[in-house]
Each structure stands twice: as C-alpha cells, then as structure tokens.
Amino acid sequence: MKLLQKILIHIIDTIKTEWKSAAVIIVASSLQAFAVRYFTLHYHFPDLGVSGIAVLTNYVFGISPNWVILIGNILLLAWAWKYLNTRFLFLTVISIATFSAMLSVFALFPLSLPEDKFMATVITGVLKGAAGGLMFHAGGSGGGTDIIAAAMRKRYGIEVGRFSVFINFFILGLSIGVVGLEAFVYGVVGLYVNGITTDNVTRSFDKRKQAIIITNIPDEVSKFISDHGKGVTRLEGIGGYTHQPRPVLLTLLEPRQVILLKRFLRDKDENAFVSICDASEVLGRGFKSWKSL
C-alpha cells in the first residue's frame, strides 16, 4: 500500500512539473497522427518503426494501425520499463495514447487531398518533421525504436542509432513488395523531407548566437548584456601584437539581442572587435534545461 502511494505521489509530482512538455507532446503526436491518417495511409506510403509495421499490416491484412501501434508500444514498454526513468515513461505513454486516439478521431473526418503524389509526400515529410522537432524539443519520445534506444543505452551503456537505422531499413525493404516501387520511392522522399524538417525545427528552438567581444568599455558592455537578461563571462586576454592585457567578453544571445548589441557598440565603441557565430544548441540556466534531455 505504501509503495502504491509512493508511486502515485511520484506520478502526480511528474505531472505538475512536466505539464508543459506533455502539452507539446500531445500537439506533436496529434500532428503526426494527422500525417499518417490523411497522407501515409491514403497514398499507401511506407513508414518507419512501429508505425511502419502498423501501416504494412494495414495494407496486407486490413488490420487497424491504431491497435498495432498501441499493442506494439505496450509490449516494448513492458520489456523496457525497468530501465526507463519516470519522465520518459510519462511522456512516452502520453505520446502513444494521443497518437492512437487521434488516428481513430481523424478517421471520422474525410479530407479532400491533392492528387499530386509528390506534393503529398512533401506535405507528409513536413508534417512528420514538424511533429518530430516539437517532440525532440520537449525531450519526449514517440515510442517505438525510441523505447529500444533508451533501454539499451541505460542497460548496456551503448548508443543504438545504427541498430535503429538497420531496423528501419528492414521495414522499408519489406514495404517494397507491399506498396510497390513507385510508392516506396515517394515514401523515401517523404522520409528525407521529414529528417530535414525535424533538424530545422529542432535547431530553430535551440539556435543561439555566440559573441566574443574585445572592447575598451568591457564594464559597460557587460552591464548592457546583463540588462537584457543574458549572462556574460569575462576572460583575461593578451594582445598578440601589443602584448597588452585585453579583457575578452563571451556571451550567448538570441538573434534579436545580437542586433541590439551591435548597435550599442556602434554608438559606444567603434573600435570594438566582435566575432559572432551560430551555437546550434545551448544547455544551462537561461537556455535549454538539462531536464529536457
């Protein structure tokens, strides 16, 4: 009884702290279900992971993909639950439940779809990629091979990216004999667009600008950056030609803040030197939380 009470308290605490991530997962899973129901299934395109197996069984045996996805993920969770943390389990269960439920809901509402299969496959890739990007941003999981990857990493300390690739290639290989070469090629194009969109959506959330500043007014510049809600680190440098001590400021900013910084330096110190480059991901206080990983 005490163990059950402890588990329930832990679940409630997780819901309280992770409700924002859960909301993003629900949106992402609904978007993914929309893409699978209205595009993948309608055009007989192949898919990856458990969803790929589900659409193949639908094409061959007429089995509802909802049940294959739900049962397949439940079996994977039952196999891996000992090695998964509460947050991962919580978000994965929400993702699986939302995806399966929304597949049934969308089936009730017919939609007028484009006849051009190339347009359809691009739309499919963009929708799934956007869903994947949102899911990665929330630090969640769509189930399927993500469950296998998380469990293998925790149990054996190994990354299984290649293993997932082999599984997906095997599923794609099976799909050729089911959907035909034309639909297979369209499906592969959609999966490629999916990957590009996922990467771009993920980067758009985490993208920051790293600025290295050498200026005669380091205190004023530091205050300006701090006043705009960002931290700044002061390093002690030495001029390679003059051999004089020169403070160097290092900071990470949002793109709009870079524009403000450049304007400030233009007005206050025209002799300042600034190097700005992209930081594809920033973890820590004021940026992406470590809990989202």
# chains A, B, ... in the order shown; residues from 1 in each chain; ligands from 1

call {"tool": "residues_around", "arguments": {"residues": "region 187-189 of chain A", "least_positions_apart": "5", "cutoff": "8 Å", "atoms": "only C-alpha atoms", "output": "PyMOL selection string"}}
result
chain A and resi 45-47+121-122+125

call {"tool": "write_last_selection", "arguments": {"atoms": "all heavy atoms", "output": "mmCIF file, in the first residue's frame"}}
result
data_model
loop_
_atom_site.group_PDB
_atom_site.id
_atom_site.type_symbol
_atom_site.label_atom_id
_atom_site.label_comp_id
_atom_site.auth_asym_id
_atom_site.auth_seq_id
_atom_site.Cartn_x
_atom_site.Cartn_y
_atom_site.Cartn_z
ATOM 1 N N PHE A 45 1.906 5.044 -48.615
ATOM 2 C CA PHE A 45 3.329 5.293 -48.444
ATOM 3 C C PHE A 45 3.864 4.401 -47.321
ATOM 4 O O PHE A 45 3.129 4.050 -46.400
ATOM 5 C CB PHE A 45 3.592 6.757 -48.073
ATOM 6 C CG PHE A 45 3.318 7.738 -49.182
ATOM 7 C CD1 PHE A 45 2.962 9.051 -48.890
ATOM 8 C CD2 PHE A 45 3.432 7.369 -50.503
ATOM 9 C CE1 PHE A 45 2.714 9.955 -49.908
ATOM 10 C CE2 PHE A 45 3.197 8.268 -51.535
ATOM 11 C CZ PHE A 45 2.825 9.568 -51.227
ATOM 12 N N PRO A 46 5.138 4.039 -47.350
ATOM 13 C CA PRO A 46 5.738 3.305 -46.221
ATOM 14 C C PRO A 46 6.034 4.252 -45.062
ATOM 15 O O PRO A 46 5.999 5.465 -45.215
ATOM 16 C CB PRO A 46 7.029 2.747 -46.819
ATOM 17 C CG PRO A 46 7.405 3.740 -47.873
ATOM 18 C CD PRO A 46 6.097 4.244 -48.445
ATOM 19 N N ASP A 47 6.336 3.677 -43.909
ATOM 20 C CA ASP A 47 6.695 4.470 -42.731
ATOM 21 C C ASP A 47 7.779 3.726 -41.974
ATOM 22 O O ASP A 47 8.189 2.633 -42.366
ATOM 23 C CB ASP A 47 5.462 4.709 -41.858
ATOM 24 C CG ASP A 47 5.578 5.973 -41.022
ATOM 25 O OD1 ASP A 47 6.691 6.543 -40.964
ATOM 26 O OD2 ASP A 47 4.573 6.412 -40.439
ATOM 27 N N THR A 121 3.756 13.690 -50.714
ATOM 28 C CA THR A 121 4.887 13.168 -49.945
ATOM 29 C C THR A 121 5.678 14.284 -49.283
ATOM 30 O O THR A 121 6.204 14.108 -48.169
ATOM 31 C CB THR A 121 5.800 12.308 -50.850
ATOM 32 O OG1 THR A 121 6.657 11.519 -50.030
ATOM 33 C CG2 THR A 121 6.649 13.154 -51.774
ATOM 34 N N VAL A 122 5.760 15.453 -49.935
ATOM 35 C CA VAL A 122 6.428 16.598 -49.307
ATOM 36 C C VAL A 122 5.641 17.073 -48.090
ATOM 37 O O VAL A 122 6.211 17.349 -47.024
ATOM 38 C CB VAL A 122 6.615 17.743 -50.322
ATOM 39 C CG1 VAL A 122 7.118 18.993 -49.612
ATOM 40 C CG2 VAL A 122 7.592 17.344 -51.418
ATOM 41 N N GLY A 125 6.198 14.663 -45.249
ATOM 42 C CA GLY A 125 7.504 14.849 -44.616
ATOM 43 C C GLY A 125 7.556 16.077 -43.733
ATOM 44 O O GLY A 125 8.119 16.045 -42.632
#

call {"tool": "select_by_dssp", "arguments": {"residues": "region 31-268 of chain A", "states": "strand (DSSP E or B)", "output": "list of chain:residue names"}}
result
A:Arg208, A:Lys209, A:Gln210, A:Ala211, A:Ile212, A:Ile213, A:Ile214, A:Val232, A:Thr233, A:Arg234, A:Leu235, A:Glu236, A:Gly237, A:Ile238, A:Pro245, A:Arg246, A:Pro247, A:Val248, A:Leu249, A:Leu250, A:Thr251, A:Leu252, A:Leu253

call {"tool": "write_last_selection", "arguments": {"atoms": "N, CA and C atoms", "output": "CSV table (one decimal), in the first residue's frame"}}
result
chain,number,residue,atom,x,y,z
A,208,ARG,N,21.2,29.8,-31.0
A,208,ARG,CA,21.6,31.0,-30.3
A,208,ARG,C,22.9,31.5,-31.0
A,209,LYS,N,23.2,32.7,-30.7
A,209,LYS,CA,24.4,33.3,-31.3
A,209,LYS,C,25.5,33.5,-30.2
A,210,GLN,N,26.7,33.0,-30.5
A,210,GLN,CA,27.8,33.1,-29.5
A,210,GLN,C,28.6,34.4,-30.0
A,211,ALA,N,28.8,35.3,-29.0
A,211,ALA,CA,29.5,36.5,-29.3
A,211,ALA,C,30.8,36.6,-28.5
A,212,ILE,N,31.9,36.8,-29.1
A,212,ILE,CA,33.2,37.1,-28.5
A,212,ILE,C,33.5,38.6,-28.7
A,213,ILE,N,33.7,39.3,-27.7
A,213,ILE,CA,33.8,40.8,-27.8
A,213,ILE,C,35.1,41.3,-27.1
A,214,ILE,N,35.8,42.1,-27.9
A,214,ILE,CA,37.0,42.8,-27.3
A,214,ILE,C,36.7,44.3,-27.4
A,232,VAL,N,27.2,36.9,-19.1
A,232,VAL,CA,28.5,37.2,-19.8
A,232,VAL,C,29.7,36.8,-19.0
A,233,THR,N,30.6,36.2,-19.6
A,233,THR,CA,31.9,35.7,-18.9
A,233,THR,C,33.0,36.6,-19.4
A,234,ARG,N,33.8,37.1,-18.4
A,234,ARG,CA,34.9,37.9,-18.8
A,234,ARG,C,36.2,37.1,-18.7
A,235,LEU,N,36.9,37.1,-19.8
A,235,LEU,CA,38.2,36.4,-19.8
A,235,LEU,C,39.3,37.4,-19.9
A,236,GLU,N,40.5,37.0,-19.4
A,236,GLU,CA,41.6,37.9,-19.5
A,236,GLU,C,42.5,37.5,-20.6
A,237,GLY,N,42.6,38.3,-21.7
A,237,GLY,CA,43.4,38.0,-22.8
A,237,GLY,C,44.6,38.9,-22.9
A,238,ILE,N,45.5,38.6,-23.8
A,238,ILE,CA,46.7,39.4,-24.1
A,238,ILE,C,46.8,39.6,-25.6
A,245,PRO,N,47.4,43.5,-21.8
A,245,PRO,CA,46.2,42.8,-21.3
A,245,PRO,C,44.9,43.4,-22.0
A,246,ARG,N,44.1,42.5,-22.5
A,246,ARG,CA,42.8,42.9,-23.1
A,246,ARG,C,41.7,42.0,-22.6
A,247,PRO,N,40.7,42.6,-21.9
A,247,PRO,CA,39.6,41.7,-21.5
A,247,PRO,C,38.8,41.2,-22.7
A,248,VAL,N,38.3,40.0,-22.6
A,248,VAL,CA,37.5,39.4,-23.7
A,248,VAL,C,36.2,38.9,-23.1
A,249,LEU,N,35.1,39.4,-23.7
A,249,LEU,CA,33.8,39.0,-23.2
A,249,LEU,C,33.2,37.9,-24.0
A,250,LEU,N,32.6,36.9,-23.4
A,250,LEU,CA,32.0,35.8,-24.0
A,250,LEU,C,30.5,35.7,-23.6
A,251,THR,N,29.6,35.7,-24.5
A,251,THR,CA,28.2,35.6,-24.2
A,251,THR,C,27.4,34.8,-25.3
A,252,LEU,N,26.2,34.4,-24.9
A,252,LEU,CA,25.3,33.7,-25.8
A,252,LEU,C,24.0,34.5,-25.8
A,253,LEU,N,23.6,34.8,-27.0
A,253,LEU,CA,22.5,35.7,-27.2
A,253,LEU,C,21.4,35.2,-28.2

call {"tool": "atom_distance", "arguments": {"atom1": "CA of Ser175 (chain A)", "atom2": "CA of Val68 (chain A)"}}
result
16.2 Å

call {"tool": "closest_residue", "arguments": {"among": "A:Lys154, A:Lys262, A:His44, A:Lys223", "to": "Ala80 (chain A)", "atoms": "only C-alpha atoms"}}
result
A:Lys154

call {"tool": "residues_around", "arguments": {"residues": "Leu56 (chain A)", "least_positions_apart": "2", "cutoff": "12 Å", "atoms": "only C-alpha atoms", "output": "VMD selection string"}}
result
chain A and resid 40 to 41 44 to 54 58 to 65 68 to 69 171 to 180 184

call {"tool": "select_by_dssp", "arguments": {"residues": "region 86-204 of chain A", "states": "alpha helix (DSSP H)", "output": "MDAnalysis selection string"}}
result
chainID A and resid 86:106 117:138 145:156 161:179 181:204

call {"tool": "closest_residue", "arguments": {"among": "A:Leu111, A:Leu127, A:Ala138, A:Leu70", "to": "Ala23 (chain A)", "atoms": "only C-alpha atoms"}}
result
A:Ala138

call {"tool": "residues_around", "arguments": {"residues": "Phe99 (chain A)", "least_positions_apart": "6", "cutoff": "9 Å", "atoms": "only C-alpha atoms", "output": "ChimeraX atom specification"}}
result
/A:26,28-34,66,69-70,142

call {"tool": "write_last_selection", "arguments": {"atoms": "N, CA, C and O atoms", "output": "JSON list (two decimals), in the first residue's frame"}}
result
[["chain", "number", "residue", "atom", "x", "y", "z"],
["A", 26, "ILE", "N", 1.47, 16.21, -26.81],
["A", 26, "ILE", "CA", 0.11, 15.98, -27.30],
["A", 26, "ILE", "C", -0.09, 16.63, -28.67],
["A", 26, "ILE", "O", -0.64, 16.04, -29.60],
["A", 28, "ALA", "N", 2.32, 17.46, -30.82],
["A", 28, "ALA", "CA", 3.20, 16.79, -31.79],
["A", 28, "ALA", "C", 2.62, 15.43, -32.20],
["A", 28, "ALA", "O", 2.63, 15.09, -33.39],
["A", 29, "SER", "N", 2.12, 14.67, -31.26],
["A", 29, "SER", "CA", 1.55, 13.35, -31.57],
["A", 29, "SER", "C", 0.29, 13.48, -32.42],
["A", 29, "SER", "O", 0.05, 12.65, -33.31],
["A", 30, "SER", "N", -0.51, 14.50, -32.15],
["A", 30, "SER", "CA", -1.71, 14.74, -32.95],
["A", 30, "SER", "C", -1.34, 15.10, -34.38],
["A", 30, "SER", "O", -1.97, 14.64, -35.34],
["A", 31, "LEU", "N", -0.31, 15.92, -34.54],
["A", 31, "LEU", "CA", 0.15, 16.30, -35.87],
["A", 31, "LEU", "C", 0.69, 15.09, -36.63],
["A", 31, "LEU", "O", 0.44, 14.92, -37.84],
["A", 32, "GLN", "N", 1.40, 14.24, -35.92],
["A", 32, "GLN", "CA", 1.94, 13.03, -36.54],
["A", 32, "GLN", "C", 0.82, 12.08, -36.96],
["A", 32, "GLN", "O", 0.86, 11.48, -38.04],
["A", 33, "ALA", "N", -0.19, 11.95, -36.11],
["A", 33, "ALA", "CA", -1.35, 11.10, -36.43],
["A", 33, "ALA", "C", -2.09, 11.64, -37.64],
["A", 33, "ALA", "O", -2.57, 10.88, -38.49],
["A", 34, "PHE", "N", -2.19, 12.97, -37.74],
["A", 34, "PHE", "CA", -2.83, 13.62, -38.89],
["A", 34, "PHE", "C", -2.09, 13.24, -40.18],
["A", 34, "PHE", "O", -2.71, 12.88, -41.19],
["A", 66, "ASN", "N", -4.15, 1.55, -35.49],
["A", 66, "ASN", "CA", -4.27, 2.00, -34.10],
["A", 66, "ASN", "C", -3.87, 0.90, -33.14],
["A", 66, "ASN", "O", -3.10, 1.12, -32.20],
["A", 69, "ILE", "N", -0.06, -0.19, -33.37],
["A", 69, "ILE", "CA", 0.80, 0.81, -32.73],
["A", 69, "ILE", "C", 0.66, 0.74, -31.21],
["A", 69, "ILE", "O", 1.66, 0.76, -30.47],
["A", 70, "LEU", "N", -0.58, 0.65, -30.74],
["A", 70, "LEU", "CA", -0.82, 0.62, -29.30],
["A", 70, "LEU", "C", -0.23, -0.65, -28.67],
["A", 70, "LEU", "O", 0.52, -0.58, -27.69],
["A", 142, "GLY", "N", 8.40, 9.36, -29.10],
["A", 142, "GLY", "CA", 7.22, 8.90, -29.83],
["A", 142, "GLY", "C", 7.01, 7.41, -29.68],
["A", 142, "GLY", "O", 6.14, 6.84, -30.33]]

call {"tool": "residues_around", "arguments": {"residues": "Val126 (chain A)", "least_positions_apart": "2", "cutoff": "7 Å", "atoms": "only C-alpha atoms", "output": "number ranges by chain"}}
result
A: 122-124, 128-130, 193-194, 197

call {"tool": "write_last_selection", "arguments": {"atoms": "all heavy atoms", "output": "PDB file, in the first residue's frame"}}
result
ATOM      1  N   VAL A 122       5.760  15.453 -49.935  1.00  0.00           N
ATOM      2  CA  VAL A 122       6.428  16.598 -49.307  1.00  0.00           C
ATOM      3  C   VAL A 122       5.641  17.073 -48.090  1.00  0.00           C
ATOM      4  O   VAL A 122       6.211  17.349 -47.024  1.00  0.00           O
ATOM      5  CB  VAL A 122       6.615  17.743 -50.322  1.00  0.00           C
ATOM      6  CG1 VAL A 122       7.118  18.993 -49.612  1.00  0.00           C
ATOM      7  CG2 VAL A 122       7.592  17.344 -51.418  1.00  0.00           C
ATOM      8  N   ILE A 123       4.314  17.160 -48.243  1.00  0.00           N
ATOM      9  CA  ILE A 123       3.465  17.565 -47.116  1.00  0.00           C
ATOM     10  C   ILE A 123       3.621  16.577 -45.959  1.00  0.00           C
ATOM     11  O   ILE A 123       3.737  16.968 -44.794  1.00  0.00           O
ATOM     12  CB  ILE A 123       1.986  17.656 -47.553  1.00  0.00           C
ATOM     13  CG1 ILE A 123       1.800  18.797 -48.553  1.00  0.00           C
ATOM     14  CG2 ILE A 123       1.079  17.867 -46.340  1.00  0.00           C
ATOM     15  CD1 ILE A 123       0.416  18.842 -49.179  1.00  0.00           C
ATOM     16  N   THR A 124       3.638  15.282 -46.298  1.00  0.00           N
ATOM     17  CA  THR A 124       3.808  14.253 -45.265  1.00  0.00           C
ATOM     18  C   THR A 124       5.112  14.448 -44.501  1.00  0.00           C
ATOM     19  O   THR A 124       5.139  14.410 -43.264  1.00  0.00           O
ATOM     20  CB  THR A 124       3.806  12.849 -45.898  1.00  0.00           C
ATOM     21  OG1 THR A 124       2.645  12.685 -46.691  1.00  0.00           O
ATOM     22  CG2 THR A 124       3.834  11.771 -44.830  1.00  0.00           C
ATOM     23  N   LYS A 128       5.359  15.416 -40.483  1.00  0.00           N
ATOM     24  CA  LYS A 128       6.031  14.495 -39.555  1.00  0.00           C
ATOM     25  C   LYS A 128       7.310  15.111 -38.995  1.00  0.00           C
ATOM     26  O   LYS A 128       7.652  14.901 -37.825  1.00  0.00           O
ATOM     27  CB  LYS A 128       6.350  13.177 -40.260  1.00  0.00           C
ATOM     28  CG  LYS A 128       5.134  12.324 -40.575  1.00  0.00           C
ATOM     29  CD  LYS A 128       5.550  11.024 -41.244  1.00  0.00           C
ATOM     30  CE  LYS A 128       4.351  10.149 -41.540  1.00  0.00           C
ATOM     31  NZ  LYS A 128       4.728   8.903 -42.230  1.00  0.00           N
ATOM     32  N   GLY A 129       8.017  15.864 -39.844  1.00  0.00           N
ATOM     33  CA  GLY A 129       9.234  16.514 -39.370  1.00  0.00           C
ATOM     34  C   GLY A 129       8.948  17.558 -38.308  1.00  0.00           C
ATOM     35  O   GLY A 129       9.670  17.666 -37.312  1.00  0.00           O
ATOM     36  N   ALA A 130       7.879  18.343 -38.516  1.00  0.00           N
ATOM     37  CA  ALA A 130       7.488  19.346 -37.518  1.00  0.00           C
ATOM     38  C   ALA A 130       7.108  18.667 -36.204  1.00  0.00           C
ATOM     39  O   ALA A 130       7.481  19.124 -35.114  1.00  0.00           O
ATOM     40  CB  ALA A 130       6.329  20.181 -38.039  1.00  0.00           C
ATOM     41  N   VAL A 193      12.525  14.382 -46.450  1.00  0.00           N
ATOM     42  CA  VAL A 193      11.985  15.702 -46.079  1.00  0.00           C
ATOM     43  C   VAL A 193      11.690  15.742 -44.588  1.00  0.00           C
ATOM     44  O   VAL A 193      11.929  16.758 -43.912  1.00  0.00           O
ATOM     45  CB  VAL A 193      10.708  16.009 -46.889  1.00  0.00           C
ATOM     46  CG1 VAL A 193      10.069  17.321 -46.427  1.00  0.00           C
ATOM     47  CG2 VAL A 193      11.020  16.078 -48.382  1.00  0.00           C
ATOM     48  N   ASN A 194      11.200  14.629 -44.069  1.00  0.00           N
ATOM     49  CA  ASN A 194      10.922  14.506 -42.634  1.00  0.00           C
ATOM     50  C   ASN A 194      12.183  14.788 -41.820  1.00  0.00           C
ATOM     51  O   ASN A 194      12.169  15.585 -40.864  1.00  0.00           O
ATOM     52  CB  ASN A 194      10.404  13.089 -42.361  1.00  0.00           C
ATOM     53  CG  ASN A 194      10.182  12.790 -40.892  1.00  0.00           C
ATOM     54  OD1 ASN A 194      10.401  13.628 -40.023  1.00  0.00           O
ATOM     55  ND2 ASN A 194       9.754  11.580 -40.614  1.00  0.00           N
ATOM     56  N   THR A 197      13.267  18.500 -42.038  1.00  0.00           N
ATOM     57  CA  THR A 197      12.346  19.364 -41.279  1.00  0.00           C
ATOM     58  C   THR A 197      12.551  19.206 -39.786  1.00  0.00           C
ATOM     59  O   THR A 197      12.556  20.193 -39.036  1.00  0.00           O
ATOM     60  CB  THR A 197      10.892  19.037 -41.646  1.00  0.00           C
ATOM     61  OG1 THR A 197      10.710  19.124 -43.060  1.00  0.00           O
ATOM     62  CG2 THR A 197       9.931  20.014 -40.957  1.00  0.00           C
TER      63      THR A 197
END

call {"tool": "atom_distance", "arguments": {"atom1": "CA of Met102 (chain A)", "atom2": "CA of Ala131 (chain A)"}}
result
13.7 Å

call {"tool": "residues_around", "arguments": {"residues": "Lys20 (chain A)", "least_positions_apart": "2", "cutoff": "12 Å", "atoms": "only C-alpha atoms", "output": "PyMOL selection string"}}
result
chain A and resi 14-18+22-27+91+134-135+137-140+292

call {"tool": "write_last_selection", "arguments": {"atoms": "C-alpha atoms", "output": "mmCIF file, in the first residue's frame"}}
result
data_model
loop_
_atom_site.group_PDB
_atom_site.id
_atom_site.type_symbol
_atom_site.label_atom_id
_atom_site.label_comp_id
_atom_site.auth_asym_id
_atom_site.auth_seq_id
_atom_site.Cartn_x
_atom_site.Cartn_y
_atom_site.Cartn_z
ATOM 1 C CA THR A 14 5.826 14.442 -12.517
ATOM 2 C CA ILE A 15 2.550 15.733 -13.970
ATOM 3 C CA LYS A 16 2.925 19.021 -12.089
ATOM 4 C CA THR A 17 6.480 19.613 -13.283
ATOM 5 C CA GLU A 18 6.150 18.256 -16.829
ATOM 6 C CA ALA A 22 3.186 16.937 -22.012
ATOM 7 C CA ALA A 23 1.169 19.614 -23.835
ATOM 8 C CA VAL A 24 3.830 19.854 -26.556
ATOM 9 C CA ILE A 25 3.894 16.048 -26.865
ATOM 10 C CA ILE A 26 0.107 15.979 -27.303
ATOM 11 C CA VAL A 27 0.285 18.579 -30.089
ATOM 12 C CA LEU A 91 5.835 11.456 -21.883
ATOM 13 C CA LEU A 134 8.426 19.514 -31.375
ATOM 14 C CA MET A 135 8.821 16.149 -29.673
ATOM 15 C CA HIS A 137 12.284 19.987 -28.184
ATOM 16 C CA ALA A 138 10.068 18.758 -25.358
ATOM 17 C CA GLY A 139 12.555 15.989 -24.592
ATOM 18 C CA GLY A 140 9.901 13.391 -25.256
ATOM 19 C CA SER A 292 14.585 18.126 -21.204
#

call {"tool": "decode", "arguments": {"residues": "region 251-271 of chain A", "atoms": "N, CA and C atoms", "output": "short mmCIF file (atom, residue, chain, number, x, y, z; two decimals), in the first residue's frame"}}
result
data_model
loop_
_atom_site.label_atom_id
_atom_site.label_comp_id
_atom_site.auth_asym_id
_atom_site.auth_seq_id
_atom_site.Cartn_x
_atom_site.Cartn_y
_atom_site.Cartn_z
N THR A 251 29.60 35.65 -24.55
CA THR A 251 28.18 35.59 -24.19
C THR A 251 27.41 34.83 -25.26
N LEU A 252 26.22 34.38 -24.89
CA LEU A 252 25.31 33.69 -25.81
C LEU A 252 24.00 34.46 -25.85
N LEU A 253 23.59 34.85 -27.04
CA LEU A 253 22.45 35.75 -27.20
C LEU A 253 21.44 35.18 -28.18
N GLU A 254 20.24 35.72 -28.10
CA GLU A 254 19.24 35.45 -29.12
C GLU A 254 19.52 36.36 -30.31
N PRO A 255 19.09 35.97 -31.52
CA PRO A 255 19.40 36.77 -32.72
C PRO A 255 19.03 38.24 -32.61
N ARG A 256 17.86 38.54 -32.03
CA ARG A 256 17.45 39.95 -31.92
C ARG A 256 18.35 40.72 -30.95
N GLN A 257 18.89 40.02 -29.94
CA GLN A 257 19.78 40.68 -28.99
C GLN A 257 21.14 41.00 -29.61
N VAL A 258 21.53 40.20 -30.61
CA VAL A 258 22.78 40.49 -31.31
C VAL A 258 22.68 41.83 -32.03
N ILE A 259 21.54 42.09 -32.64
CA ILE A 259 21.34 43.37 -33.34
C ILE A 259 21.45 44.53 -32.36
N LEU A 260 20.84 44.37 -31.19
CA LEU A 260 20.91 45.43 -30.17
C LEU A 260 22.35 45.64 -29.70
N LEU A 261 23.09 44.53 -29.52
CA LEU A 261 24.48 44.63 -29.09
C LEU A 261 25.32 45.37 -30.12
N LYS A 262 25.14 45.06 -31.38
CA LYS A 262 25.92 45.72 -32.43
C LYS A 262 25.61 47.22 -32.49
N ARG A 263 24.37 47.56 -32.31
CA ARG A 263 24.01 48.98 -32.29
C ARG A 263 24.63 49.69 -31.10
N PHE A 264 24.63 49.00 -29.96
CA PHE A 264 25.22 49.59 -28.76
C PHE A 264 26.72 49.84 -28.96
N LEU A 265 27.43 48.86 -29.52
CA LEU A 265 28.87 49.01 -29.75
C LEU A 265 29.15 50.06 -30.81
N ARG A 266 28.28 50.16 -31.80
CA ARG A 266 28.46 51.19 -32.83
C ARG A 266 28.42 52.59 -32.21
N ASP A 267 27.53 52.78 -31.23
CA ASP A 267 27.37 54.09 -30.60
C ASP A 267 28.42 54.35 -29.52
N LYS A 268 28.87 53.28 -28.85
CA LYS A 268 29.73 53.46 -27.67
C LYS A 268 31.21 53.19 -27.94
N ASP A 269 31.52 52.27 -28.84
CA ASP A 269 32.92 51.91 -29.07
C ASP A 269 33.09 51.40 -30.50
N GLU A 270 33.39 52.30 -31.41
CA GLU A 270 33.55 51.93 -32.81
C GLU A 270 34.81 51.11 -33.05
N ASN A 271 35.72 51.08 -32.09
CA ASN A 271 36.96 50.31 -32.23
C ASN A 271 36.83 48.88 -31.68
#
